[in-house]
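Have a look at model33.pdb; it's PDB, C-alpha atoms and all ligand atoms:
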```pdb
ATOM      1  CA  SER K   1     -68.927  81.082   1.812  1.00  0.00           C
ATOM      2  CA  LEU K   2     -70.934  79.851  -1.159  1.00  0.00           C
ATOM      3  CA  GLU K   3     -69.515  78.764  -4.514  1.00  0.00           C
ATOM      4  CA  THR K   4     -70.661  80.922  -7.447  1.00  0.00           C
ATOM      5  CA  GLY K   5     -72.629  77.966  -8.796  1.00  0.00           C
ATOM      6  CA  ASP K   6     -74.795  77.975  -5.686  1.00  0.00           C
ATOM      7  CA  ARG K   7     -75.961  81.540  -6.170  1.00  0.00           C
ATOM      8  CA  LEU K   8     -78.715  82.740  -8.444  1.00  0.00           C
ATOM      9  CA  LYS K   9     -77.385  85.412 -10.803  1.00  0.00           C
ATOM     10  CA  ILE K  10     -79.796  88.222 -11.647  1.00  0.00           C
ATOM     11  CA  ALA K  11     -79.319  90.985 -14.244  1.00  0.00           C
ATOM     12  CA  ILE K  12     -80.962  94.340 -13.568  1.00  0.00           C
ATOM     13  CA  GLN K  13     -80.672  97.754 -15.212  1.00  0.00           C
ATOM     14  CA  LYS K  14     -77.578  99.638 -14.065  1.00  0.00           C
ATOM     15  CA  SER K  15     -79.256 103.045 -14.192  1.00  0.00           C
ATOM     16  CA  GLY K  16     -82.410 104.374 -15.772  1.00  0.00           C
ATOM     17  CA  ARG K  17     -86.131 103.983 -15.396  1.00  0.00           C
ATOM     18  CA  LEU K  18     -86.093 100.389 -14.144  1.00  0.00           C
ATOM     19  CA  HIS K  19     -83.163 100.580 -11.733  1.00  0.00           C
ATOM     20  CA  ASP K  20     -84.772 101.987  -8.598  1.00  0.00           C
ATOM     21  CA  ASP K  21     -87.913  99.858  -8.810  1.00  0.00           C
ATOM     22  CA  SER K  22     -85.806  96.732  -9.430  1.00  0.00           C
ATOM     23  CA  MET K  23     -83.696  97.427  -6.329  1.00  0.00           C
ATOM     24  CA  ARG K  24     -86.821  98.249  -4.322  1.00  0.00           C
ATOM     25  CA  LEU K  25     -88.477  94.974  -5.294  1.00  0.00           C
ATOM     26  CA  LEU K  26     -85.453  92.977  -4.129  1.00  0.00           C
ATOM     27  CA  LYS K  27     -85.441  94.943  -0.882  1.00  0.00           C
ATOM     28  CA  GLU K  28     -89.152  94.320  -0.333  1.00  0.00           C
ATOM     29  CA  CYS K  29     -88.416  90.627  -0.899  1.00  0.00           C
ATOM     30  CA  GLY K  30     -86.163  90.929   2.152  1.00  0.00           C
ATOM     31  CA  ILE K  31     -82.970  90.781   0.098  1.00  0.00           C
ATOM     32  CA  ASP K  32     -80.203  93.244   0.989  1.00  0.00           C
ATOM     33  CA  VAL K  33     -78.063  94.316  -1.955  1.00  0.00           C
ATOM     34  CA  SER K  34     -75.576  97.159  -1.710  1.00  0.00           C
ATOM     35  CA  ASN K  35     -75.615  99.452  -4.707  1.00  0.00           C
ATOM     36  CA  GLY K  36     -72.209 101.088  -5.019  1.00  0.00           C
ATOM     37  CA  VAL K  37     -71.827 103.701  -7.752  1.00  0.00           C
ATOM     38  CA  ASN K  38     -70.185 102.224 -10.862  1.00  0.00           C
ATOM     39  CA  LYS K  39     -70.275  98.712  -9.497  1.00  0.00           C
ATOM     40  CA  LEU K  40     -70.748  96.000 -12.108  1.00  0.00           C
ATOM     41  CA  LYS K  41     -71.920  93.413  -9.644  1.00  0.00           C
ATOM     42  CA  SER K  42     -72.937  92.994  -6.053  1.00  0.00           C
ATOM     43  CA  GLU K  43     -73.739  90.126  -3.733  1.00  0.00           C
ATOM     44  CA  ALA K  44     -76.778  89.951  -1.486  1.00  0.00           C
ATOM     45  CA  SER K  45     -75.844  89.542   2.163  1.00  0.00           C
ATOM     46  CA  ASN K  46     -78.835  87.428   3.185  1.00  0.00           C
ATOM     47  CA  PHE K  47     -79.886  85.439   0.091  1.00  0.00           C
ATOM     48  CA  PRO K  48     -77.767  83.409  -2.358  1.00  0.00           C
ATOM     49  CA  LEU K  49     -78.097  86.065  -5.049  1.00  0.00           C
ATOM     50  CA  GLU K  50     -75.533  87.822  -7.192  1.00  0.00           C
ATOM     51  CA  VAL K  51     -76.675  91.001  -8.955  1.00  0.00           C
ATOM     52  CA  TYR K  52     -75.247  92.190 -12.292  1.00  0.00           C
ATOM     53  CA  PHE K  53     -75.866  95.814 -13.275  1.00  0.00           C
ATOM     54  CA  LEU K  54     -76.272  96.107 -17.063  1.00  0.00           C
ATOM     55  CA  ARG K  55     -77.818  98.184 -19.855  1.00  0.00           C
ATOM     56  CA  ASP K  56     -81.408  97.019 -20.205  1.00  0.00           C
ATOM     57  CA  ASP K  57     -80.912  96.198 -23.912  1.00  0.00           C
ATOM     58  CA  ASP K  58     -78.218  93.651 -23.032  1.00  0.00           C
ATOM     59  CA  ILE K  59     -80.219  91.750 -20.402  1.00  0.00           C
ATOM     60  CA  PRO K  60     -82.055  89.286 -22.726  1.00  0.00           C
ATOM     61  CA  GLN K  61     -78.750  88.257 -24.350  1.00  0.00           C
ATOM     62  CA  TYR K  62     -77.049  87.678 -20.982  1.00  0.00           C
ATOM     63  CA  VAL K  63     -79.965  85.518 -19.873  1.00  0.00           C
ATOM     64  CA  GLU K  64     -80.102  83.603 -23.173  1.00  0.00           C
ATOM     65  CA  ASP K  65     -76.375  82.863 -22.762  1.00  0.00           C
ATOM     66  CA  ALA K  66     -76.991  81.908 -19.104  1.00  0.00           C
ATOM     67  CA  VAL K  67     -74.331  84.402 -17.984  1.00  0.00           C
ATOM     68  CA  ALA K  68     -77.209  85.594 -15.814  1.00  0.00           C
ATOM     69  CA  ASP K  69     -79.829  83.053 -14.684  1.00  0.00           C
ATOM     70  CA  ILE K  70     -82.657  85.584 -14.518  1.00  0.00           C
ATOM     71  CA  GLY K  71     -83.290  89.255 -15.248  1.00  0.00           C
ATOM     72  CA  PHE K  72     -85.696  92.117 -14.661  1.00  0.00           C
ATOM     73  CA  VAL K  73     -86.397  93.900 -17.972  1.00  0.00           C
ATOM     74  CA  GLY K  74     -89.206  95.574 -19.930  1.00  0.00           C
ATOM     75  CA  GLU K  75     -91.432  93.410 -22.126  1.00  0.00           C
ATOM     76  CA  ASN K  76     -90.723  95.891 -24.936  1.00  0.00           C
ATOM     77  CA  VAL K  77     -87.042  94.888 -24.847  1.00  0.00           C
ATOM     78  CA  VAL K  78     -87.769  91.154 -24.438  1.00  0.00           C
ATOM     79  CA  TYR K  79     -90.061  91.031 -27.480  1.00  0.00           C
ATOM     80  CA  GLU K  80     -87.883  93.295 -29.640  1.00  0.00           C
ATOM     81  CA  LYS K  81     -84.706  91.275 -29.022  1.00  0.00           C
ATOM     82  CA  GLU K  82     -86.339  87.881 -29.695  1.00  0.00           C
ATOM     83  CA  LYS K  83     -83.844  85.993 -27.527  1.00  0.00           C
ATOM     84  CA  ALA K  84     -84.499  82.462 -26.296  1.00  0.00           C
ATOM     85  CA  VAL K  85     -85.618  83.205 -22.725  1.00  0.00           C
ATOM     86  CA  ASP K  86     -88.771  82.464 -20.744  1.00  0.00           C
ATOM     87  CA  VAL K  87     -90.997  85.227 -19.361  1.00  0.00           C
ATOM     88  CA  VAL K  88     -91.923  84.074 -15.862  1.00  0.00           C
ATOM     89  CA  GLU K  89     -93.691  86.885 -13.997  1.00  0.00           C
ATOM     90  CA  LYS K  90     -94.985  90.419 -14.529  1.00  0.00           C
ATOM     91  CA  LEU K  91     -93.469  92.764 -11.952  1.00  0.00           C
ATOM     92  CA  GLY K  92     -95.962  95.646 -11.891  1.00  0.00           C
ATOM     93  CA  PHE K  93     -93.523  98.512 -12.559  1.00  0.00           C
ATOM     94  CA  GLY K  94     -91.975 100.145 -15.648  1.00  0.00           C
ATOM     95  CA  LYS K  95     -95.398 100.447 -17.212  1.00  0.00           C
ATOM     96  CA  CYS K  96     -95.523 102.110 -20.605  1.00  0.00           C
ATOM     97  CA  ARG K  97     -96.805 101.485 -24.117  1.00  0.00           C
ATOM     98  CA  LEU K  98     -95.119 101.292 -27.482  1.00  0.00           C
ATOM     99  CA  SER K  99     -97.079 103.587 -29.748  1.00  0.00           C
ATOM    100  CA  ILE K 100     -97.073 105.063 -33.200  1.00  0.00           C
ATOM    101  CA  ALA K 101     -97.398 108.839 -33.331  1.00  0.00           C
ATOM    102  CA  VAL K 102     -97.873 111.258 -36.201  1.00  0.00           C
ATOM    103  CA  ARG K 103     -97.800 115.056 -36.513  1.00  0.00           C
ATOM    104  CA  ARG K 104    -100.660 116.630 -34.611  1.00  0.00           C
ATOM    105  CA  GLU K 105    -102.031 118.395 -37.707  1.00  0.00           C
ATOM    106  CA  GLU K 106    -101.998 115.196 -39.750  1.00  0.00           C
ATOM    107  CA  ALA K 107    -105.411 113.835 -40.764  1.00  0.00           C
ATOM    108  CA  TYR K 108    -104.836 110.385 -39.274  1.00  0.00           C
ATOM    109  CA  ASP K 109    -107.837 108.173 -39.773  1.00  0.00           C
ATOM    110  CA  LYS K 110    -107.032 104.488 -39.354  1.00  0.00           C
ATOM    111  CA  VAL K 111    -103.989 102.269 -39.527  1.00  0.00           C
ATOM    112  CA  ALA K 112    -104.113 102.335 -43.363  1.00  0.00           C
ATOM    113  CA  SER K 113    -103.050 105.982 -43.096  1.00  0.00           C
ATOM    114  CA  LEU K 114     -99.544 104.625 -42.463  1.00  0.00           C
ATOM    115  CA  ASN K 115     -99.233 103.159 -45.977  1.00  0.00           C
ATOM    116  CA  GLY K 116     -96.214 104.594 -47.758  1.00  0.00           C
ATOM    117  CA  LYS K 117     -95.043 106.505 -44.684  1.00  0.00           C
ATOM    118  CA  ARG K 118     -91.522 106.612 -43.205  1.00  0.00           C
ATOM    119  CA  ILE K 119     -91.568 105.502 -39.556  1.00  0.00           C
ATOM    120  CA  ALA K 120     -88.609 106.241 -37.266  1.00  0.00           C
ATOM    121  CA  THR K 121     -88.145 103.845 -34.327  1.00  0.00           C
ATOM    122  CA  SER K 122     -85.727 101.989 -32.068  1.00  0.00           C
ATOM    123  CA  TYR K 123     -88.083  98.984 -32.278  1.00  0.00           C
ATOM    124  CA  PRO K 124     -87.815  97.771 -35.914  1.00  0.00           C
ATOM    125  CA  VAL K 125     -88.818  94.172 -35.130  1.00  0.00           C
ATOM    126  CA  LEU K 126     -92.018  95.067 -33.285  1.00  0.00           C
ATOM    127  CA  VAL K 127     -92.958  97.754 -35.813  1.00  0.00           C
ATOM    128  CA  LYS K 128     -92.428  95.355 -38.736  1.00  0.00           C
ATOM    129  CA  LYS K 129     -94.677  92.754 -37.078  1.00  0.00           C
ATOM    130  CA  PHE K 130     -97.368  95.343 -36.448  1.00  0.00           C
ATOM    131  CA  LEU K 131     -97.244  96.623 -40.037  1.00  0.00           C
ATOM    132  CA  ASP K 132     -97.247  93.110 -41.519  1.00  0.00           C
ATOM    133  CA  SER K 133    -100.197  91.989 -39.400  1.00  0.00           C
ATOM    134  CA  ASN K 134    -102.151  95.019 -40.635  1.00  0.00           C
ATOM    135  CA  ASN K 135    -101.079  94.623 -44.277  1.00  0.00           C
ATOM    136  CA  ILE K 136     -99.362  98.005 -44.263  1.00  0.00           C
ATOM    137  CA  THR K 137     -96.332  98.785 -46.403  1.00  0.00           C
ATOM    138  CA  ALA K 138     -94.197 101.491 -44.828  1.00  0.00           C
ATOM    139  CA  GLU K 139     -90.505 102.298 -44.549  1.00  0.00           C
ATOM    140  CA  ILE K 140     -88.904 101.638 -41.165  1.00  0.00           C
ATOM    141  CA  HIS K 141     -85.980 103.884 -40.220  1.00  0.00           C
ATOM    142  CA  GLU K 142     -84.099 102.498 -37.243  1.00  0.00           C
ATOM    143  CA  ILE K 143     -82.620 105.190 -35.024  1.00  0.00           C
ATOM    144  CA  SER K 144     -81.248 104.662 -31.546  1.00  0.00           C
ATOM    145  CA  GLY K 145     -82.367 107.745 -29.634  1.00  0.00           C
ATOM    146  CA  SER K 146     -84.362 110.995 -29.726  1.00  0.00           C
ATOM    147  CA  VAL K 147     -86.872 109.327 -32.013  1.00  0.00           C
ATOM    148  CA  GLU K 148     -89.508 111.970 -31.205  1.00  0.00           C
ATOM    149  CA  ILE K 149     -87.623 114.718 -33.058  1.00  0.00           C
ATOM    150  CA  ALA K 150     -87.503 112.786 -36.364  1.00  0.00           C
ATOM    151  CA  PRO K 151     -90.750 114.191 -37.863  1.00  0.00           C
ATOM    152  CA  GLY K 152     -89.787 117.772 -36.947  1.00  0.00           C
ATOM    153  CA  ILE K 153     -86.473 117.522 -38.832  1.00  0.00           C
ATOM    154  CA  GLY K 154     -88.001 115.837 -41.864  1.00  0.00           C
ATOM    155  CA  LEU K 155     -86.476 112.424 -41.200  1.00  0.00           C
ATOM    156  CA  ALA K 156     -89.787 110.614 -40.917  1.00  0.00           C
ATOM    157  CA  ASP K 157     -93.563 111.035 -41.193  1.00  0.00           C
ATOM    158  CA  ALA K 158     -94.297 109.053 -38.063  1.00  0.00           C
ATOM    159  CA  ILE K 159     -92.495 107.505 -35.104  1.00  0.00           C
ATOM    160  CA  CYS K 160     -92.939 104.456 -32.931  1.00  0.00           C
ATOM    161  CA  ASP K 161     -91.654 104.917 -29.397  1.00  0.00           C
ATOM    162  CA  LEU K 162     -92.373 104.265 -25.706  1.00  0.00           C
ATOM    163  CA  VAL K 163     -94.977 106.502 -24.154  1.00  0.00           C
ATOM    164  CA  SER K 164     -96.143 106.881 -20.578  1.00  0.00           C
ATOM    165  CA  SER K 165     -97.769 110.275 -20.009  1.00  0.00           C
ATOM    166  CA  GLY K 166     -97.639 111.455 -23.616  1.00  0.00           C
ATOM    167  CA  SER K 167     -95.966 114.753 -22.648  1.00  0.00           C
ATOM    168  CA  THR K 168     -92.865 114.092 -24.789  1.00  0.00           C
ATOM    169  CA  LEU K 169     -95.095 113.533 -27.819  1.00  0.00           C
ATOM    170  CA  PHE K 170     -97.064 116.669 -27.046  1.00  0.00           C
ATOM    171  CA  MET K 171     -93.943 118.804 -26.680  1.00  0.00           C
ATOM    172  CA  ASN K 172     -92.792 117.615 -30.103  1.00  0.00           C
ATOM    173  CA  GLY K 173     -96.067 118.382 -31.860  1.00  0.00           C
ATOM    174  CA  LEU K 174     -97.040 114.721 -32.181  1.00  0.00           C
ATOM    175  CA  LYS K 175    -100.175 112.745 -31.371  1.00  0.00           C
ATOM    176  CA  GLU K 176    -100.475 109.089 -30.471  1.00  0.00           C
ATOM    177  CA  SER K 177    -102.292 107.184 -33.200  1.00  0.00           C
ATOM    178  CA  GLU K 178    -101.816 103.450 -32.523  1.00  0.00           C
ATOM    179  CA  THR K 179    -100.682 101.431 -29.500  1.00  0.00           C
ATOM    180  CA  ILE K 180     -98.767  98.375 -30.625  1.00  0.00           C
ATOM    181  CA  LEU K 181     -97.696  96.944 -27.237  1.00  0.00           C
ATOM    182  CA  GLN K 182     -98.577  97.435 -23.559  1.00  0.00           C
ATOM    183  CA  SER K 183     -95.421  96.865 -21.549  1.00  0.00           C
ATOM    184  CA  GLN K 184     -94.156  96.480 -17.998  1.00  0.00           C
ATOM    185  CA  ALA K 185     -91.091  95.010 -16.339  1.00  0.00           C
ATOM    186  CA  VAL K 186     -91.023  91.209 -16.231  1.00  0.00           C
ATOM    187  CA  LEU K 187     -88.830  88.519 -14.747  1.00  0.00           C
ATOM    188  CA  ILE K 188     -87.164  86.443 -17.457  1.00  0.00           C
ATOM    189  CA  LYS K 189     -85.199  83.250 -16.955  1.00  0.00           C
ATOM    190  CA  SER K 190     -82.680  81.166 -18.812  1.00  0.00           C
ATOM    191  CA  LYS K 191     -83.965  78.064 -20.614  1.00  0.00           C
ATOM    192  CA  THR K 192     -81.121  76.052 -19.102  1.00  0.00           C
ATOM    193  CA  LEU K 193     -81.580  76.680 -15.399  1.00  0.00           C
ATOM    194  CA  ALA K 194     -80.035  73.966 -13.209  1.00  0.00           C
ATOM    195  CA  PRO K 195     -82.446  72.337 -10.691  1.00  0.00           C
ATOM    196  CA  ALA K 196     -80.721  73.953  -7.689  1.00  0.00           C
ATOM    197  CA  LYS K 197     -81.092  77.377  -9.305  1.00  0.00           C
ATOM    198  CA  GLN K 198     -84.735  76.688 -10.120  1.00  0.00           C
ATOM    199  CA  LEU K 199     -85.338  76.017  -6.408  1.00  0.00           C
ATOM    200  CA  LEU K 200     -83.771  79.386  -5.548  1.00  0.00           C
ATOM    201  CA  LEU K 201     -85.900  81.040  -8.234  1.00  0.00           C
ATOM    202  CA  ASN K 202     -89.031  79.420  -6.774  1.00  0.00           C
ATOM    203  CA  LYS K 203     -88.123  80.893  -3.403  1.00  0.00           C
ATOM    204  CA  LEU K 204     -87.598  84.344  -4.918  1.00  0.00           C
ATOM    205  CA  LEU K 205     -90.828  84.081  -6.946  1.00  0.00           C
ATOM    206  CA  PHE K 206     -92.795  83.195  -3.845  1.00  0.00           C
ATOM    207  CA  ARG K 207     -91.520  86.380  -2.201  1.00  0.00           C
ATOM    208  CA  ILE K 208     -92.189  88.503  -5.307  1.00  0.00           C
ATOM    209  CA  GLN K 209     -95.754  87.221  -5.447  1.00  0.00           C
ATOM    210  CA  SER K 210     -96.240  88.072  -1.762  1.00  0.00           C
ATOM    211  CA  VAL K 211     -94.926  91.609  -2.338  1.00  0.00           C
ATOM    212  CA  LYS K 212     -97.268  92.052  -5.305  1.00  0.00           C
ATOM    213  CA  LYS K 213    -100.255  90.859  -3.267  1.00  0.00           C
ATOM    214  CA  ALA K 214     -99.391  93.199  -0.398  1.00  0.00           C
ATOM    215  CA  ARG K 215     -99.250  96.130  -2.822  1.00  0.00           C
ATOM    216  CA  ASN K 216    -102.758  95.586  -4.185  1.00  0.00           C
TER     217      ASN K 216
HETATM  218  P1  LIG K 301     -80.012 101.831 -20.763  1.00  0.00           P
HETATM  219  O1  LIG K 301     -78.915 102.793 -20.480  1.00  0.00           O
HETATM  220  O2  LIG K 301     -80.117 100.775 -19.690  1.00  0.00           O
HETATM  221  O3  LIG K 301     -79.972 101.266 -22.151  1.00  0.00           O
HETATM  222  P2  LIG K 301     -82.409 103.217 -21.700  1.00  0.00           P
HETATM  223  O4  LIG K 301     -82.149 104.665 -21.901  1.00  0.00           O
HETATM  224  O5  LIG K 301     -82.500 102.312 -22.867  1.00  0.00           O
HETATM  225  O6  LIG K 301     -81.373 102.684 -20.605  1.00  0.00           O
HETATM  226  P3  LIG K 301     -84.709 103.817 -19.962  1.00  0.00           P
HETATM  227  O7  LIG K 301     -85.167 105.097 -20.563  1.00  0.00           O
HETATM  228  O8  LIG K 301     -84.092 103.855 -18.621  1.00  0.00           O
HETATM  229  O9  LIG K 301     -83.774 102.974 -20.971  1.00  0.00           O
HETATM  230  O10 LIG K 301     -85.969 102.837 -19.971  1.00  0.00           O
HETATM  231  C1  LIG K 301     -85.853 101.522 -19.526  1.00  0.00           C
HETATM  232  C2  LIG K 301     -87.198 100.844 -19.653  1.00  0.00           C
HETATM  233  O11 LIG K 301     -88.149 101.507 -18.835  1.00  0.00           O
HETATM  234  C3  LIG K 301     -87.835 100.844 -21.034  1.00  0.00           C
HETATM  235  O12 LIG K 301     -87.283  99.865 -21.901  1.00  0.00           O
HETATM  236  C4  LIG K 301     -89.287 100.546 -20.661  1.00  0.00           C
HETATM  237  O13 LIG K 301     -89.453  99.145 -20.444  1.00  0.00           O
HETATM  238  C5  LIG K 301     -89.456 101.262 -19.328  1.00  0.00           C
HETATM  239  N1  LIG K 301     -90.238 102.513 -19.419  1.00  0.00           N
HETATM  240  C6  LIG K 301     -91.290 102.844 -18.652  1.00  0.00           C
HETATM  241  N2  LIG K 301     -91.812 104.032 -18.977  1.00  0.00           N
HETATM  242  C7  LIG K 301     -91.093 104.520 -19.974  1.00  0.00           C
HETATM  243  C8  LIG K 301     -91.153 105.728 -20.738  1.00  0.00           C
HETATM  244  N3  LIG K 301     -92.066 106.650 -20.555  1.00  0.00           N
HETATM  245  N4  LIG K 301     -90.218 105.912 -21.685  1.00  0.00           N
HETATM  246  C9  LIG K 301     -89.256 104.993 -21.866  1.00  0.00           C
HETATM  247  N5  LIG K 301     -89.175 103.814 -21.176  1.00  0.00           N
HETATM  248  C10 LIG K 301     -90.079 103.565 -20.241  1.00  0.00           C
HETATM  249 ZN    ZN K 302     -81.581 100.739 -23.193  1.00  0.00          ZN
END
```
Can the structure from this file be put into structure tokens for me?
Ligand code: ATP
Ligand code: ZN
Amino acid sequence: SLETGDRLKIAIQKSGRLHDDSMRLLKECGIDVSNGVNKLKSEASNFPLEVYFLRDDDIPQYVEDAVADIGFVGENVVYEKEKAVDVVEKLGFGKCRLSIAVRREEAYDKVASLNGKRIATSYPVLVKKFLDSNNITAEIHEISGSVEIAPGIGLADAICDLVSSGSTLFMNGLKESETILQSQAVLIKSKTLAPAKQLLLNKLLFRIQSVKKARN
């Protein structure tokens, strides 16, 4: 059997919106990974790959620390966390956008309408960059979940959160007013990948690119 050092270690989301598509992509790359409930890691039977199941928020840190060599994670998380990792390939799933939304009855005109507002978000870094680049001064309130209810309970005037269909915004009486990032799942890699691991990654990337082509 192989030494751990000879296997590429990949971090994927343990459960949630990216999990199934991440497992499916590996499968379509011809890699068989068993997915036991509550397992922390698993080994592929037919490729030198070890899979770690983690919270998506933790994946950039694990890859920066080279605990995992590579990871599948949303661009929204990669750019919010600002870890030292390389984005290698877009994966074509987990598509969403990070948007600012205000109350539906609000007379939102342009981005300057956000001046002096309180914005609730789980993405303080990306929101701050957006506000700064538009010369807007607003208060950012970092909250970790259920951001969309903040305006309704008087905690904020606006929110910045992930949107796909917009139905969650609609149900909470909000309307999308600015898109600050288009996002999808990407493959990230450690900046300190050993040459043998890079060769394995090249092999995996070749397969991923073939799967993507076949899907189009
Ligand atoms: P975890 O328990 O791993 O921290 P989570 O609750 O933070 O999970 P999910 O809701 O499963 O995360 O979303 C994971 C990723 O899926 C997001 O970071 C984003 O990249 C992507 N995504 C795609 N569409 C949406 C959407 N409509 N809302 C939220 N995330 C989406
Ligand atoms: Zn998360």
- Query: K:Ala194, K:Leu162, K:Ala150, K:Val88: which is nearest ligand ZN 302 (chain K), counting all atoms listed in the file?
  - Reply: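 Between K:Ala194, K:Leu162, K:Ala150, K:Val88, the residue approaching ligand ZN 302 (chain K) most closely is K:Leu162.
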- Report as a ChimeraX atom specification which protein, DNA and RNA residues come within 7 Å of ligand LIG 301 (chain K), using all atoms listed in the file. /K:13-18,54-57,73-77,94-96,162-165,183-185
List the neighbours of stretch 20-33 of chain K out to 8 Å using all atoms listed in the file; skip same-chain residues closer than 2 positions along the sequence, and give me the result as a compact mmCIF listing (two decimals) with C-alpha atoms, in the coordinates of the input.
```
# COMPACT_ATOMS: atom_id res chain seq x y z
CA ILE K 12 -80.96 94.34 -13.57
CA GLN K 13 -80.67 97.75 -15.21
CA SER K 15 -79.26 103.04 -14.19
CA GLY K 16 -82.41 104.37 -15.77
CA ARG K 17 -86.13 103.98 -15.40
CA LEU K 18 -86.09 100.39 -14.14
CA ASN K 35 -75.61 99.45 -4.71
CA SER K 42 -72.94 92.99 -6.05
CA GLU K 43 -73.74 90.13 -3.73
CA ALA K 44 -76.78 89.95 -1.49
CA SER K 45 -75.84 89.54 2.16
CA ASN K 46 -78.83 87.43 3.18
CA PHE K 47 -79.89 85.44 0.09
CA VAL K 51 -76.68 91.00 -8.96
CA PHE K 72 -85.70 92.12 -14.66
CA PHE K 93 -93.52 98.51 -12.56
CA GLY K 94 -91.98 100.14 -15.65
CA LEU K 204 -87.60 84.34 -4.92
CA ARG K 207 -91.52 86.38 -2.20
CA ILE K 208 -92.19 88.50 -5.31
CA VAL K 211 -94.93 91.61 -2.34
```
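Between atom CA of K:Gly36 and atom CA of K:Leu193 the separation is 28.1 Å.
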Evaluate the PyMOL selection byres (((chain K and resi 114) around 9) and not hetatm) against this structure - the residues, as a PDB file with C-alpha atoms, keeping the file's coordinate frame, please.
```
ATOM      1  CA  TYR K 108    -104.836 110.385 -39.274  1.00  0.00           C
ATOM      2  CA  LYS K 110    -107.032 104.488 -39.354  1.00  0.00           C
ATOM      3  CA  VAL K 111    -103.989 102.269 -39.527  1.00  0.00           C
ATOM      4  CA  ALA K 112    -104.113 102.335 -43.363  1.00  0.00           C
ATOM      5  CA  SER K 113    -103.050 105.982 -43.096  1.00  0.00           C
ATOM      6  CA  ASN K 115     -99.233 103.159 -45.977  1.00  0.00           C
ATOM      7  CA  GLY K 116     -96.214 104.594 -47.758  1.00  0.00           C
ATOM      8  CA  LYS K 117     -95.043 106.505 -44.684  1.00  0.00           C
ATOM      9  CA  ARG K 118     -91.522 106.612 -43.205  1.00  0.00           C
ATOM     10  CA  ILE K 119     -91.568 105.502 -39.556  1.00  0.00           C
ATOM     11  CA  LEU K 131     -97.244  96.623 -40.037  1.00  0.00           C
ATOM     12  CA  ILE K 136     -99.362  98.005 -44.263  1.00  0.00           C
ATOM     13  CA  THR K 137     -96.332  98.785 -46.403  1.00  0.00           C
ATOM     14  CA  ALA K 138     -94.197 101.491 -44.828  1.00  0.00           C
ATOM     15  CA  ASP K 157     -93.563 111.035 -41.193  1.00  0.00           C
ATOM     16  CA  ALA K 158     -94.297 109.053 -38.063  1.00  0.00           C
TER      17      ALA K 158
END
```
- Message: Report, in Å with one decimal, the straight-line distance from atom CA of K:Gly145 to atom CA of K:Glu64.
- Response: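 Pair atom CA of K:Gly145 / atom CA of K:Glu64 returns 25.1 Å.
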- Query: When you draw a straight line from atom CA of K:Ile140 to atom CA of K:Lys83, how long is it in Å?
  - Reply: 21.4 Å
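Remark: for ligand ZN 302 (chain K), the closest of the candidate residues K:His141, K:Ser122, K:Glu50, K:Leu40 is K:Ser122 (distances computed over all atoms listed in the file).
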- Message: Using all atoms listed in the file, which protein or nucleic acid residues come within 12 Å of K:Asp6? Drop anything in the same chain fewer than 3 positions from it, and give the result as an NGL selection string.
- Response: :K and (1-3 or 9 or 47-50 or 69 or 193-201)
- Run the PyMOL selection byres (((chain K and resi 89) around 9) and not hetatm) mentally over the shown coordinates, then write out the matched residues as a list of chain:residue names, using the chain letters and numbers from the document.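 This file, filtered by the PyMOL selection byres (((chain K and resi 89) around 9) and not hetatm), leaves K:Val87, K:Val88, K:Lys90, K:Leu91, K:Ala185, K:Val186, K:Leu187, K:Ile188, K:Leu205, K:Ile208, K:Gln209.
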Would you output that residue set with C-alpha atoms, as a PDB file, keeping the file's coordinate frame?
```pdb
ATOM      1  CA  VAL K  87     -90.997  85.227 -19.361  1.00  0.00           C
ATOM      2  CA  VAL K  88     -91.923  84.074 -15.862  1.00  0.00           C
ATOM      3  CA  LYS K  90     -94.985  90.419 -14.529  1.00  0.00           C
ATOM      4  CA  LEU K  91     -93.469  92.764 -11.952  1.00  0.00           C
ATOM      5  CA  ALA K 185     -91.091  95.010 -16.339  1.00  0.00           C
ATOM      6  CA  VAL K 186     -91.023  91.209 -16.231  1.00  0.00           C
ATOM      7  CA  LEU K 187     -88.830  88.519 -14.747  1.00  0.00           C
ATOM      8  CA  ILE K 188     -87.164  86.443 -17.457  1.00  0.00           C
ATOM      9  CA  LEU K 205     -90.828  84.081  -6.946  1.00  0.00           C
ATOM     10  CA  ILE K 208     -92.189  88.503  -5.307  1.00  0.00           C
ATOM     11  CA  GLN K 209     -95.754  87.221  -5.447  1.00  0.00           C
TER      12      GLN K 209
END
```
- So which residues touch K:Leu126 within 8 Å, counting only C-alpha atoms, skipping near sequence neighbours fewer than 4 positions away, as an MDAnalysis selection string? chainID K and resid 79:80 130 180
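In terms of minimum interatomic distance to ligand ZN 302 (chain K), K:Ser144 ranks closest within K:Ser144, K:Thr121, K:Ser177, K:Ser190, counting all atoms listed in the file.
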As JSON, what would the box around stretch 116-131 of chain K look like: edges along x, y and z, 3 Å added on every side, centre and edge lengths in Å to one decimal?
```
{"center_x": -91.5, "center_y": 99.7, "center_z": -39.9, "size_x": 17.6, "size_y": 19.9, "size_z": 21.7}
```
- Message: I'd like to know which of K:Pro60, K:Glu139, K:Ala66, K:Val85 is closest to ligand ZN 302 (chain K), using all atoms listed in the file.
- Response: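 The closest residue to ligand ZN 302 (chain K) is K:Pro60.
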- Task: Specify as a list in words each residue included when the PyMOL selection byres (((chain K and resi 172) around 9) and not hetatm) is applied to this file.
- Result: Arg103, Glu148, Ile149, Pro151, Gly152, Ser167, Thr168, Leu169, Phe170, Met171, Gly173, Leu174 and Lys175 of chain K
- Message: Please determine, counting all atoms listed in the file, which residue among K:Ser34, K:Ser99, K:Asn202, K:Ser146 has the shortest atom-to-atom distance to K:Gln182.
- Response: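 For K:Gln182, the nearest of the given residues is K:Ser99.
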